[in-house]
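A.B. asks: Contents of target_24.cif (mmCIF, C-alpha atoms):
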```cif
data_work
#
loop_
_atom_site.label_atom_id
_atom_site.label_comp_id
_atom_site.auth_asym_id
_atom_site.auth_seq_id
_atom_site.Cartn_x
_atom_site.Cartn_y
_atom_site.Cartn_z
CA MET A 731 0.00 0.00 0.00
CA LYS A 732 2.82 2.37 0.87
CA GLN A 733 4.34 1.75 -2.58
CA GLY A 734 1.02 2.60 -4.25
CA ILE A 735 0.36 -0.92 -5.56
CA VAL A 736 -2.46 -1.90 -3.18
CA HIS A 737 -5.46 0.36 -2.54
CA GLU A 738 -6.29 0.88 1.14
CA THR A 739 -9.57 -1.02 0.75
CA GLY A 740 -7.42 -3.87 -0.61
CA LEU A 741 -6.06 -4.27 2.93
CA ILE A 742 -9.58 -4.89 4.26
CA ALA A 743 -10.19 -7.43 1.49
CA HIS A 744 -6.88 -9.07 2.36
CA GLY A 745 -7.95 -9.36 5.99
CA ARG A 746 -11.18 -11.09 4.93
CA GLY A 747 -9.08 -13.54 2.95
CA GLU A 748 -6.81 -14.20 5.93
CA ALA A 749 -9.81 -15.07 8.09
CA TYR A 750 -11.19 -17.60 5.60
CA ASP A 751 -7.70 -19.03 5.10
CA TYR A 752 -7.47 -19.77 8.85
CA LEU A 753 -10.74 -21.69 8.54
CA LEU A 754 -9.21 -23.85 5.79
CA GLY A 755 -6.12 -24.44 7.95
CA GLU A 756 -3.95 -22.25 5.67
CA THR A 757 -3.50 -25.15 3.26
CA THR A 758 -4.68 -26.23 -0.19
CA ILE A 759 -7.51 -28.60 0.59
CA PRO A 760 -8.18 -31.44 -1.90
CA LEU A 761 -11.38 -29.69 -3.06
CA ALA A 762 -9.31 -26.63 -4.03
CA ASP A 763 -6.76 -28.78 -5.80
CA ALA A 764 -9.56 -30.38 -7.82
CA ALA A 765 -10.60 -26.89 -9.00
CA GLU A 766 -6.98 -25.96 -9.73
CA LYS A 767 -6.69 -29.05 -11.93
CA ILE A 768 -9.77 -28.11 -13.96
CA ALA A 769 -8.55 -24.50 -14.15
CA ALA A 770 -5.27 -25.69 -15.68
CA ALA A 771 -7.11 -27.85 -18.23
CA SER A 772 -9.35 -24.90 -19.20
CA LEU A 773 -6.44 -22.50 -19.56
CA LEU A 774 -4.54 -25.00 -21.74
CA CYS A 775 -7.56 -25.61 -24.00
CA ALA A 776 -8.31 -21.88 -24.36
CA LYS A 777 -7.81 -19.93 -27.60
CA ASN A 778 -7.09 -16.65 -25.80
CA PRO A 779 -6.47 -17.19 -22.08
CA VAL A 780 -5.93 -14.08 -19.97
CA ILE A 781 -4.84 -13.67 -16.36
CA SER A 782 -6.31 -10.53 -14.79
CA VAL A 783 -4.14 -8.83 -12.17
CA ASN A 784 -5.14 -6.15 -9.67
CA GLY A 785 -3.25 -4.44 -6.86
CA ASN A 786 -3.57 -7.24 -4.31
CA VAL A 787 -2.60 -9.91 -6.86
CA ALA A 788 0.43 -7.83 -7.91
CA ALA A 789 1.50 -7.47 -4.27
CA LEU A 790 0.90 -11.09 -3.29
CA ALA A 791 1.65 -13.22 -6.33
CA ALA A 792 3.24 -11.25 -9.19
CA ASP A 793 6.05 -13.78 -9.72
CA GLU A 794 3.63 -16.67 -9.58
CA CYS A 795 1.32 -15.05 -12.16
CA VAL A 796 4.19 -14.24 -14.51
CA SER A 797 5.45 -17.81 -14.29
CA LEU A 798 1.95 -19.25 -14.86
CA ALA A 799 1.37 -16.94 -17.83
CA LYS A 800 4.61 -18.16 -19.46
CA SER A 801 3.79 -21.81 -18.86
CA ILE A 802 0.38 -21.75 -20.58
CA PRO A 803 1.15 -19.30 -22.41
CA ALA A 804 -1.45 -16.67 -21.42
CA LYS A 805 -1.68 -12.90 -21.52
CA LEU A 806 -1.53 -10.73 -18.40
CA GLU A 807 -3.93 -7.80 -18.10
CA VAL A 808 -4.01 -5.22 -15.36
CA ASN A 809 -7.48 -4.39 -14.08
CA LEU A 810 -8.13 -2.23 -11.04
CA PHE A 811 -11.30 -1.71 -9.03
CA HIS A 812 -10.06 1.73 -7.93
CA ARG A 813 -8.30 2.67 -11.15
CA THR A 814 -5.96 5.66 -11.20
CA PRO A 815 -3.29 6.36 -13.83
CA VAL A 816 -0.64 6.41 -11.08
CA ARG A 817 -1.55 2.97 -9.76
CA VAL A 818 -1.76 1.47 -13.27
CA ARG A 819 1.71 2.89 -13.96
CA LYS A 820 3.17 1.50 -10.73
CA ILE A 821 1.78 -1.98 -11.34
CA ALA A 822 2.99 -1.88 -14.94
CA ALA A 823 6.48 -0.96 -13.70
CA LEU A 824 6.38 -3.85 -11.23
CA PHE A 825 5.64 -6.34 -14.02
CA ARG A 826 8.18 -4.74 -16.37
CA LYS A 827 10.85 -5.41 -13.73
CA LYS A 828 9.82 -9.06 -13.90
CA ASP A 829 10.55 -9.11 -17.66
CA VAL A 830 6.90 -8.95 -18.74
CA THR A 831 7.17 -7.32 -22.19
CA THR A 832 3.42 -7.06 -22.85
CA LEU A 833 1.03 -6.20 -20.05
CA TYR A 834 -2.49 -5.57 -21.35
CA GLY A 835 -4.94 -3.13 -19.84
CA ILE A 836 -2.65 -0.11 -19.61
CA HIS A 837 -4.27 1.50 -22.68
CA PRO A 838 -7.82 0.12 -22.58
CA ASP A 839 -9.82 0.24 -25.84
CA ALA A 840 -12.95 -1.72 -24.87
CA ARG A 841 -15.55 -1.98 -22.11
CA ILE A 842 -17.08 -4.96 -20.34
CA PRO A 843 -20.85 -4.50 -20.83
CA GLY A 844 -22.93 -3.88 -17.71
CA LEU A 845 -20.21 -2.36 -15.55
CA ASP A 846 -20.08 1.29 -14.58
CA SER A 847 -17.11 3.59 -14.67
CA ASP A 848 -13.48 2.50 -14.83
CA ARG A 849 -14.11 -1.04 -13.70
CA ALA A 850 -15.43 -1.80 -17.22
CA LEU A 851 -12.18 -0.81 -18.94
CA CYS A 852 -10.29 -3.60 -20.68
CA GLU A 853 -8.31 -4.30 -23.82
CA LYS A 854 -9.69 -5.78 -27.06
CA ARG A 855 -6.82 -8.17 -27.59
CA GLY A 856 -6.86 -9.06 -23.88
CA ILE A 857 -9.82 -9.69 -21.58
CA TYR A 858 -12.43 -8.39 -24.06
CA THR A 859 -11.84 -11.26 -26.54
CA ALA A 860 -10.59 -13.84 -24.01
CA ASP A 861 -12.46 -17.13 -23.90
CA VAL A 862 -10.96 -18.15 -20.54
CA VAL A 863 -10.12 -15.57 -17.87
CA LEU A 864 -8.38 -16.24 -14.58
CA ILE A 865 -9.51 -13.64 -12.06
CA PRO A 866 -7.73 -13.98 -8.75
CA LEU A 867 -9.30 -11.80 -6.02
CA GLU A 868 -12.04 -10.25 -8.15
CA ASP A 869 -15.24 -8.46 -7.15
CA GLY A 870 -18.63 -10.05 -7.74
CA ASP A 871 -19.91 -7.52 -10.28
CA ARG A 872 -16.96 -8.00 -12.58
CA CYS A 873 -17.10 -11.76 -12.25
CA GLN A 874 -20.78 -11.77 -13.22
CA ALA A 875 -20.24 -9.35 -16.11
CA LEU A 876 -17.46 -11.55 -17.54
CA GLN A 877 -19.71 -14.61 -17.19
CA LYS A 878 -22.48 -12.82 -19.10
CA MET A 879 -20.02 -12.26 -21.97
CA GLY A 880 -19.91 -16.07 -22.30
CA LYS A 881 -16.39 -16.54 -20.97
CA THR A 882 -15.11 -19.35 -18.80
CA VAL A 883 -14.34 -17.49 -15.58
CA ILE A 884 -11.86 -19.01 -13.14
CA ALA A 885 -11.97 -17.26 -9.76
CA VAL A 886 -9.62 -17.57 -6.80
CA ASP A 887 -11.57 -16.60 -3.68
CA LEU A 888 -11.09 -17.77 -0.11
CA ASN A 889 -14.72 -16.99 0.74
CA PRO A 890 -16.87 -19.79 -0.68
CA LEU A 891 -20.01 -17.70 -0.02
CA SER A 892 -18.94 -14.59 -1.96
CA ARG A 893 -20.76 -13.58 -5.12
CA THR A 894 -17.51 -14.09 -7.05
CA ALA A 895 -17.22 -17.64 -5.72
CA GLN A 896 -20.88 -18.35 -6.36
CA THR A 897 -20.97 -17.04 -9.95
CA ALA A 898 -17.63 -18.18 -11.42
CA THR A 899 -17.40 -21.16 -13.80
CA ILE A 900 -14.57 -22.64 -11.77
CA THR A 901 -14.10 -21.44 -8.18
CA ILE A 902 -10.81 -22.10 -6.45
CA VAL A 903 -11.22 -21.65 -2.68
CA ASP A 904 -7.55 -21.23 -1.87
CA ASN A 905 -4.94 -18.59 -1.11
CA VAL A 906 -3.75 -16.98 -4.37
CA THR A 907 -0.12 -17.58 -3.35
CA ARG A 908 -0.78 -21.33 -3.22
CA ALA A 909 -3.39 -21.53 -6.01
CA VAL A 910 -1.40 -19.99 -8.87
CA PRO A 911 1.69 -22.26 -8.49
CA ARG A 912 -0.61 -25.25 -8.11
CA ILE A 913 -2.40 -24.40 -11.39
CA GLU A 914 1.04 -24.21 -13.00
CA TYR A 915 1.91 -27.63 -11.56
CA TRP A 916 -1.12 -29.06 -13.39
CA ILE A 917 -0.26 -27.11 -16.57
CA HIS A 918 3.12 -28.87 -16.79
CA LEU A 919 1.51 -32.28 -16.19
CA PHE A 920 -1.28 -31.67 -18.70
CA LYS A 921 0.99 -30.52 -21.52
CA LYS A 922 1.67 -34.20 -22.25
CA LYS A 923 -2.06 -34.98 -22.46
CA ASN A 924 -4.40 -34.97 -25.46
CA ARG A 925 -6.69 -32.01 -25.83
CA SER A 926 -9.72 -34.30 -26.02
CA ASP A 927 -8.84 -35.86 -22.64
CA LEU A 928 -8.59 -32.41 -21.09
CA GLU A 929 -11.91 -31.35 -22.63
CA GLU A 930 -13.51 -34.51 -21.22
CA LEU A 931 -12.09 -33.64 -17.79
CA ILE A 932 -13.50 -30.10 -17.99
CA ARG A 933 -16.97 -31.48 -18.86
CA THR A 934 -17.07 -33.43 -15.57
CA TRP A 935 -16.74 -30.26 -13.47
CA ASP A 936 -19.66 -29.42 -11.17
CA ASN A 937 -18.84 -26.05 -9.57
CA PRO A 938 -21.91 -25.75 -7.27
CA ARG A 939 -21.24 -29.25 -5.92
CA ASN A 940 -17.59 -28.43 -5.22
CA LEU A 941 -18.59 -25.22 -3.40
CA ARG A 942 -21.11 -27.11 -1.27
CA ASN A 943 -18.39 -29.58 -0.38
CA VAL A 944 -16.02 -26.74 0.60
CA LEU A 945 -18.66 -25.32 2.97
CA CYS A 946 -19.15 -28.79 4.36
CA PHE A 947 -15.38 -29.16 4.82
CA ILE A 948 -15.09 -25.88 6.77
CA SER A 949 -18.16 -26.78 8.80
CA LYS A 950 -16.65 -30.13 9.81
CA ARG A 951 -13.29 -28.50 10.58
CA LEU A 952 -14.92 -25.91 12.88
CA ASN A 953 -16.87 -28.66 14.56
CA SER A 954 -13.69 -30.67 15.14
CA LEU A 955 -12.09 -27.61 16.76
CA SER A 956 -15.04 -26.99 19.08
CA MET B 1395 -6.94 5.60 8.44
CA LYS B 1396 -6.71 8.78 6.41
CA GLN B 1397 -7.45 10.80 9.57
CA GLY B 1398 -4.62 9.02 11.40
CA ILE B 1399 -6.91 7.22 13.88
CA VAL B 1400 -6.59 3.69 12.46
CA HIS B 1401 -3.21 2.14 11.67
CA GLU B 1402 -2.95 0.53 8.21
CA THR B 1403 -2.64 -2.93 9.74
CA GLY B 1404 -5.91 -2.13 11.54
CA LEU B 1405 -7.60 -2.32 8.13
CA ILE B 1406 -6.41 -5.91 7.69
CA ALA B 1407 -7.65 -6.77 11.19
CA HIS B 1408 -10.97 -5.11 10.31
CA GLY B 1409 -11.24 -7.29 7.20
CA ARG B 1410 -10.70 -10.42 9.28
CA GLY B 1411 -13.51 -9.27 11.55
CA GLU B 1412 -15.82 -8.66 8.58
CA ALA B 1413 -15.25 -12.21 7.36
CA TYR B 1414 -16.13 -13.77 10.72
CA ASP B 1415 -19.14 -11.46 11.04
CA TYR B 1416 -20.51 -12.81 7.73
CA LEU B 1417 -20.23 -16.31 9.19
CA LEU B 1418 -22.36 -15.24 12.17
CA GLY B 1419 -24.91 -13.68 9.82
CA GLU B 1420 -23.92 -10.13 10.89
CA THR B 1421 -26.11 -10.40 13.95
CA THR B 1422 -25.75 -10.80 17.73
CA ILE B 1423 -26.27 -14.51 18.23
CA PRO B 1424 -27.79 -15.66 21.56
CA LEU B 1425 -24.39 -17.06 22.65
CA ALA B 1426 -22.87 -13.59 22.22
CA ASP B 1427 -25.72 -12.00 24.14
CA ALA B 1428 -25.12 -14.42 26.99
CA ALA B 1429 -21.50 -13.22 27.17
CA GLU B 1430 -22.59 -9.56 26.94
CA LYS B 1431 -24.90 -10.14 29.91
CA ILE B 1432 -22.08 -11.57 32.06
CA ALA B 1433 -19.77 -8.77 30.88
CA ALA B 1434 -22.29 -6.20 32.12
CA ALA B 1435 -22.59 -7.93 35.49
CA SER B 1436 -18.78 -8.05 35.85
CA LEU B 1437 -18.34 -4.39 34.93
CA LEU B 1438 -21.05 -3.36 37.43
CA CYS B 1439 -19.50 -5.42 40.24
CA ALA B 1440 -15.97 -4.11 39.56
CA LYS B 1441 -14.08 -1.76 41.87
CA ASN B 1442 -12.11 -0.14 39.04
CA PRO B 1443 -13.56 -1.07 35.64
CA VAL B 1444 -11.68 0.23 32.59
CA ILE B 1445 -12.58 0.18 28.88
CA SER B 1446 -9.48 -0.01 26.68
CA VAL B 1447 -9.74 1.77 23.33
CA ASN B 1448 -7.43 1.47 20.34
CA GLY B 1449 -7.59 2.95 16.82
CA ASN B 1450 -10.13 0.54 15.40
CA VAL B 1451 -12.39 0.86 18.46
CA ALA B 1452 -12.18 4.66 18.25
CA ALA B 1453 -13.12 4.57 14.55
CA LEU B 1454 -15.91 2.02 14.88
CA ALA B 1455 -17.52 2.56 18.28
CA ALA B 1456 -16.28 5.71 20.05
CA ASP B 1457 -19.80 6.97 20.86
CA GLU B 1458 -20.86 3.53 22.06
CA CYS B 1459 -17.82 3.25 24.36
CA VAL B 1460 -18.33 6.73 25.81
CA SER B 1461 -21.97 5.94 26.51
CA LEU B 1462 -21.12 2.58 28.09
CA ALA B 1463 -18.40 4.15 30.25
CA LYS B 1464 -20.88 6.72 31.57
CA SER B 1465 -23.53 4.10 32.31
CA ILE B 1466 -21.30 1.87 34.48
CA PRO B 1467 -19.40 4.25 35.30
CA ALA B 1468 -16.00 3.08 33.98
CA LYS B 1469 -12.76 4.75 32.92
CA LEU B 1470 -11.64 4.95 29.31
CA GLU B 1471 -7.97 4.31 28.51
CA VAL B 1472 -6.29 4.62 25.14
CA ASN B 1473 -3.94 1.79 24.29
CA LEU B 1474 -2.35 1.36 20.87
CA PHE B 1475 -0.54 -1.63 19.38
CA HIS B 1476 1.40 0.71 17.05
CA ARG B 1477 1.76 3.62 19.46
CA THR B 1478 2.92 6.99 18.16
CA PRO B 1479 2.50 10.34 19.94
CA VAL B 1480 0.58 11.66 16.90
CA ARG B 1481 -1.94 8.83 16.89
CA VAL B 1482 -2.44 9.05 20.68
CA ARG B 1483 -3.07 12.80 20.28
CA LYS B 1484 -5.58 12.28 17.47
CA ILE B 1485 -7.53 9.67 19.36
CA ALA B 1486 -7.49 11.84 22.49
CA ALA B 1487 -8.87 14.74 20.45
CA LEU B 1488 -11.62 12.50 19.08
CA PHE B 1489 -12.76 11.57 22.59
CA ARG B 1490 -12.42 15.14 23.84
CA LYS B 1491 -14.90 16.17 21.14
CA LYS B 1492 -17.29 13.62 22.62
CA ASP B 1493 -17.07 15.38 26.03
CA VAL B 1494 -14.75 12.82 27.62
CA THR B 1495 -12.96 14.88 30.26
CA THR B 1496 -10.56 12.17 31.45
CA LEU B 1497 -9.03 9.75 28.97
CA TYR B 1498 -6.36 7.57 30.60
CA GLY B 1499 -3.27 6.27 28.81
CA ILE B 1500 -2.12 9.54 27.27
CA HIS B 1501 0.62 9.95 29.88
CA PRO B 1502 1.43 6.34 30.84
CA ASP B 1503 3.20 5.79 34.19
CA ALA B 1504 3.16 1.98 34.44
CA ARG B 1505 3.88 -1.12 32.40
CA ILE B 1506 1.98 -4.37 31.95
CA PRO B 1507 4.51 -7.10 32.91
CA GLY B 1508 5.64 -9.46 30.15
CA LEU B 1509 4.97 -7.18 27.17
CA ASP B 1510 7.71 -5.62 25.09
CA SER B 1511 7.97 -2.02 23.91
CA ASP B 1512 5.12 0.45 23.82
CA ARG B 1513 2.37 -2.12 24.00
CA ALA B 1514 3.10 -2.48 27.74
CA LEU B 1515 2.42 1.19 28.49
CA CYS B 1516 -0.58 1.94 30.68
CA GLU B 1517 -1.70 4.20 33.47
CA LYS B 1518 -1.58 3.38 37.20
CA ARG B 1519 -5.02 4.75 37.97
CA GLY B 1520 -6.37 3.10 34.80
CA ILE B 1521 -5.66 -0.34 33.36
CA TYR B 1522 -2.74 -1.07 35.71
CA THR B 1523 -4.97 -1.19 38.82
CA ALA B 1524 -8.20 -2.19 37.08
CA ASP B 1525 -9.88 -5.36 38.33
CA VAL B 1526 -12.13 -5.68 35.28
CA VAL B 1527 -10.96 -4.59 31.80
CA LEU B 1528 -13.05 -4.52 28.65
CA ILE B 1529 -10.73 -4.97 25.66
CA PRO B 1530 -12.58 -4.72 22.40
CA LEU B 1531 -10.39 -5.81 19.42
CA GLU B 1532 -7.25 -6.63 21.39
CA ASP B 1533 -4.21 -8.70 20.41
CA GLY B 1534 -3.55 -12.05 22.05
CA ASP B 1535 -0.32 -11.07 23.84
CA ARG B 1536 -1.93 -8.19 25.64
CA CYS B 1537 -5.00 -10.21 26.53
CA GLN B 1538 -2.81 -12.92 28.08
CA ALA B 1539 -0.62 -10.40 29.93
CA LEU B 1540 -3.69 -8.75 31.48
CA GLN B 1541 -5.02 -12.17 32.50
CA LYS B 1542 -1.70 -12.98 34.19
CA MET B 1543 -2.09 -9.80 36.28
CA GLY B 1544 -5.19 -11.46 37.75
CA LYS B 1545 -7.75 -9.21 36.09
CA THR B 1546 -11.13 -10.20 34.73
CA VAL B 1547 -10.62 -9.68 30.99
CA ILE B 1548 -13.65 -9.15 28.77
CA ALA B 1549 -12.75 -9.45 25.09
CA VAL B 1550 -14.81 -8.61 22.02
CA ASP B 1551 -13.48 -10.70 19.14
CA LEU B 1552 -15.33 -12.00 16.08
CA ASN B 1553 -12.85 -14.84 15.67
CA PRO B 1554 -13.71 -17.52 18.26
CA LEU B 1555 -10.39 -19.29 17.52
CA SER B 1556 -8.10 -16.29 18.15
CA ARG B 1557 -5.72 -16.32 21.10
CA THR B 1558 -7.59 -13.30 22.50
CA ALA B 1559 -10.88 -15.19 22.32
CA GLN B 1560 -9.34 -18.34 23.79
CA THR B 1561 -7.60 -16.63 26.73
CA ALA B 1562 -10.11 -13.99 27.90
CA THR B 1563 -12.24 -14.51 31.01
CA ILE B 1564 -15.38 -13.54 29.11
CA THR B 1565 -15.25 -13.70 25.30
CA ILE B 1566 -17.91 -11.87 23.33
CA VAL B 1567 -17.98 -13.17 19.74
CA ASP B 1568 -19.81 -10.22 18.21
CA ASN B 1569 -19.20 -7.05 16.21
CA VAL B 1570 -17.98 -4.28 18.54
CA THR B 1571 -20.64 -1.91 17.17
CA ARG B 1572 -23.36 -4.31 18.35
CA ALA B 1573 -21.60 -5.66 21.46
CA VAL B 1574 -20.93 -2.39 23.30
CA PRO B 1575 -24.54 -1.08 23.12
CA ARG B 1576 -25.79 -4.52 24.11
CA ILE B 1577 -23.54 -4.56 27.21
CA GLU B 1578 -24.99 -1.15 28.07
CA TYR B 1579 -28.52 -2.53 27.64
CA TRP B 1580 -27.72 -5.13 30.33
CA ILE B 1581 -26.03 -2.49 32.53
CA HIS B 1582 -29.28 -0.51 32.72
CA LEU B 1583 -31.29 -3.66 33.51
CA PHE B 1584 -28.81 -4.86 36.15
CA LYS B 1585 -28.63 -1.56 37.99
CA LYS B 1586 -31.86 -2.56 39.73
CA LYS B 1587 -30.43 -5.91 40.83
CA ASN B 1588 -28.61 -6.90 44.04
CA ARG B 1589 -24.87 -7.20 43.82
CA SER B 1590 -25.05 -10.75 45.24
CA ASP B 1591 -27.43 -11.83 42.44
CA LEU B 1592 -24.99 -10.44 39.85
CA GLU B 1593 -22.05 -12.17 41.51
CA GLU B 1594 -24.00 -15.44 41.48
CA LEU B 1595 -24.67 -14.94 37.75
CA ILE B 1596 -20.95 -14.33 37.07
CA ARG B 1597 -20.04 -17.55 38.92
CA THR B 1598 -22.14 -19.60 36.48
CA TRP B 1599 -20.09 -18.45 33.47
CA ASP B 1600 -18.21 -21.16 31.56
CA ASN B 1601 -16.20 -19.37 28.86
CA PRO B 1602 -14.66 -22.46 27.14
CA ARG B 1603 -18.12 -24.01 26.86
CA ASN B 1604 -19.58 -20.85 25.34
CA LEU B 1605 -16.73 -20.69 22.80
CA ARG B 1606 -17.26 -24.33 21.83
CA ASN B 1607 -20.93 -23.58 21.31
CA VAL B 1608 -20.08 -20.57 19.10
CA LEU B 1609 -17.89 -22.78 16.88
CA CYS B 1610 -20.69 -25.30 16.76
CA PHE B 1611 -23.14 -22.54 15.80
CA ILE B 1612 -20.96 -21.34 12.90
CA SER B 1613 -20.36 -24.91 11.82
CA LYS B 1614 -24.10 -25.60 11.67
CA ARG B 1615 -24.75 -22.32 9.86
CA LEU B 1616 -22.15 -23.11 7.17
CA ASN B 1617 -23.60 -26.57 6.80
CA SER B 1618 -27.09 -25.13 6.34
CA LEU B 1619 -25.76 -22.84 3.60
CA SER B 1620 -24.02 -25.67 1.73
#
```
When written as structure tokens, how does the structure in this file appear?

C.D. replies:
Amino acid sequence: MKQGIVHETGLIAHGRGEAYDYLLGETTIPLADAAEKIAAASLLCAKNPVISVNGNVAALAADECVSLAKSIPAKLEVNLFHRTPVRVRKIAALFRKKDVTTLYGIHPDARIPGLDSDRALCEKRGIYTADVVLIPLEDGDRCQALQKMGKTVIAVDLNPLSRTAQTATITIVDNVTRAVPRIEYWIHLFKKKNRSDLEELIRTWDNPRNLRNVLCFISKRLNSLS
Amino acid sequence: MKQGIVHETGLIAHGRGEAYDYLLGETTIPLADAAEKIAAASLLCAKNPVISVNGNVAALAADECVSLAKSIPAKLEVNLFHRTPVRVRKIAALFRKKDVTTLYGIHPDARIPGLDSDRALCEKRGIYTADVVLIPLEDGDRCQALQKMGKTVIAVDLNPLSRTAQTATITIVDNVTRAVPRIEYWIHLFKKKNRSDLEELIRTWDNPRNLRNVLCFISKRLNSLS
């Protein structure tokens, strides 16, 4: 926050994440890993996969996102809830230092329909035409708007009850710092697989069922601690 | 935070609280009310009751704390995890505007044993000699150190698993903005009661049992949402 990467409200959001992470035991539970596996398959099968990064993602998992983007390969696009030219510039500089030559979203030329103000801004060759978008730590409105555009939306959200978690195509209930490397782990494994096998795997995914099971997992864990 | 009342890490702590509050349904559950009732009885029976206020408490529930302090009556003492003269001054000014003539902790003259640095600072006529201390939103170290001094420690903490929640004498798992007025509600009711009846009520309190029941409540609620 002091470096101008994270917005002050991002600290509150981070605290919410911390609380839900404690409830999971600060570990990648098997139900999260299952979602990470399907996320990897979807990103590999995509025509134009894009990883959306905001201030919190840049602060927490910039290296991990850059590495994942290279492994797929996927584009990286900056998208900020509280967008200011200064913050966009600072995040762009952060990724440039990590040898990212093309970061989308700095000069937006399209809008996500149904969103007001600067939150709608995106880039035609990036998120606007993406078929699969990975949105770590995204707000519910934007998640829903991307869904309505017909995209496969992969969300990373530690709160299984959030609107983002409830509306994404694939919801990963895990800490972004663990989730992104784990998706990359699956990417490397899946590169040897046939596309048709991966597409078959994706078809088996039942997101509402997985979310119910996550709630059930946390419920049992709390009960075991009581 | 922008006014210098709340420290930036206080925003993260606030986010954690928000997350746990969602799990409770953003309401005072009967188990919290039971703790608020015992808290009121303890504060009324105390010889030197003190309400400890930090940045987050000042930002969220200053009016509520001032009103509760008057109703008991109890002293108010400022205590900051990240103590700076500027922040102490700003919080003191905030309470002065609310007609608080004596705010303890501005000129500390004692130390809580077992705590390092500025977190140990307190005032002899305030927290140092208090028999009952209400600590809304306190860290675990300080809660434990106050316990070791033999005080009755009443904590308000939305996380039933936190060290503060686990080590307090009376743990109120509720939002501070709801908990403080609710304690005051019981204060007004109990003012008509005999001291011996209140002391009998306090003796019945089983804090570990209440905490277990809170975890069980959240567990059941999550299960019902899954």

A.B. asks: Residues at most 10 Å from Val787 in chain A, counting only C-alpha atoms, excluding those fewer than 4 positions away in the same chain, as a PyMOL selection string?

C.D. replies: chain A and resi 735-736+740+782-783+791-795+808+865-868+906-907

A.B. asks: Once you count all atoms listed in the file, which residues end up no further than 8 Å from (-16.4, -17.1, -8.6) in the file's frame, shown as a short mmCIF file (atom, residue, chain, number, x, y, z; two decimals) with C-alpha atoms, in the frame of the given file?

C.D. replies:
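Saved file out.cif follows:
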```cif
data_model
loop_
_atom_site.label_atom_id
_atom_site.label_comp_id
_atom_site.auth_asym_id
_atom_site.auth_seq_id
_atom_site.Cartn_x
_atom_site.Cartn_y
_atom_site.Cartn_z
CA GLY A 870 -18.63 -10.05 -7.74
CA CYS A 873 -17.10 -11.76 -12.25
CA VAL A 883 -14.34 -17.49 -15.58
CA ILE A 884 -11.86 -19.01 -13.14
CA ALA A 885 -11.97 -17.26 -9.76
CA VAL A 886 -9.62 -17.57 -6.80
CA ASP A 887 -11.57 -16.60 -3.68
CA SER A 892 -18.94 -14.59 -1.96
CA ARG A 893 -20.76 -13.58 -5.12
CA THR A 894 -17.51 -14.09 -7.05
CA ALA A 895 -17.22 -17.64 -5.72
CA GLN A 896 -20.88 -18.35 -6.36
CA THR A 897 -20.97 -17.04 -9.95
CA ALA A 898 -17.63 -18.18 -11.42
CA THR A 899 -17.40 -21.16 -13.80
CA ILE A 900 -14.57 -22.64 -11.77
CA THR A 901 -14.10 -21.44 -8.18
CA ILE A 902 -10.81 -22.10 -6.45
#
```

A.B. asks: So which residues get picked by the PyMOL selection byres ((chain A) within 7 of (chain B)) here, written as an MDAnalysis selection string?

C.D. replies: chainID A and resid 741:746 748:750 942 945:946 949:950 952:953 956

A.B. asks: So that all listed atoms of range 1457-1466 of chain B fit with 3 Å spare on each side, what axis-aligned box centre and edge lengths in Å, to one decimal, would you give as JSON?

C.D. replies:
```
{"center_x": -20.7, "center_y": 4.4, "center_z": 27.7, "size_x": 11.7, "size_y": 11.1, "size_z": 19.6}
```

A.B. asks: May I ask for the distance between CA of Asp846 in chain A and CA of Phe811 in chain A, given in Å to one decimal place?

C.D. replies: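 Separation of CA of Asp846 in chain A and CA of Phe811 in chain A: 10.8 Å.
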
A.B. asks: Residues within 12 Å of Asp927 in chain A, please, as a PyMOL selection string. Count only C-alpha atoms; anything in the same chain fewer than 5 positions from it doesn't count.

C.D. replies: chain A and resi 768+771-772+774-775+920-922+932-934

A.B. asks: Can you tell me how far CA of Lys800 in chain A sits from CA of Val830 in chain A, in Å to one decimal?

C.D. replies: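 Computing the Euclidean distance for CA of Lys800 in chain A and CA of Val830 in chain A yields 9.5 Å.
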
A.B. asks: Just how far from CA of Leu1474 in chain B is CA of His737 in chain A, in Å to one decimal?

C.D. replies: 23.6 Å

A.B. asks: So which residues get picked by the PyMOL selection byres ((chain B and resi 1500) around 7) here, written as a list of chain:residue names?

C.D. replies: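 Applied to this file, the PyMOL selection byres ((chain B and resi 1500) around 7) returns B:Val1472, B:Val1482, B:Tyr1498, B:Gly1499, B:His1501, B:Pro1502.
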
A.B. asks: I'd like the neighbourhood of Lys881 in chain A as JSON, numbers by chain, where a residue qualifies if any of its atoms comes within 9 Å (using all atoms listed in the file), though same-chain residues fewer than 5 positions away should be ignored.

C.D. replies: {"A": [859, 860, 861, 862, 863, 876, 899]}

A.B. asks: Run the PyMOL selection byres ((chain A and resi 806) around 8) mentally over the shown coordinates, then write out the matched residues as a list of chain:residue names, using the chain letters and numbers from the document.

C.D. replies: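 Output of the PyMOL selection byres ((chain A and resi 806) around 8): A:Val780, A:Ile781, A:Ser782, A:Val783, A:Val796, A:Ala799, A:Ala804, A:Lys805, A:Glu807, A:Val808, A:Thr832, A:Leu833, A:Tyr834, A:Gly856.
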
A.B. asks: Looking at only C-alpha atoms, which of B:Leu1488, B:Ile1577, B:Ile1521, B:Leu1552 is the one that sits closest to Ala1504 in chain B?

C.D. replies: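 Of the candidates, the smallest distance to Ala1504 in chain B is held by B:Ile1521.
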
A.B. asks: Name the closest residue to Pro1424 in chain B among the candidates B:Arg1576, B:His1582, B:Arg1589, B:Lys1542; distances are taken between atoms, counting all atoms listed in the file.

C.D. replies: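 Closest residue, counting all atoms listed in the file: B:Arg1576.
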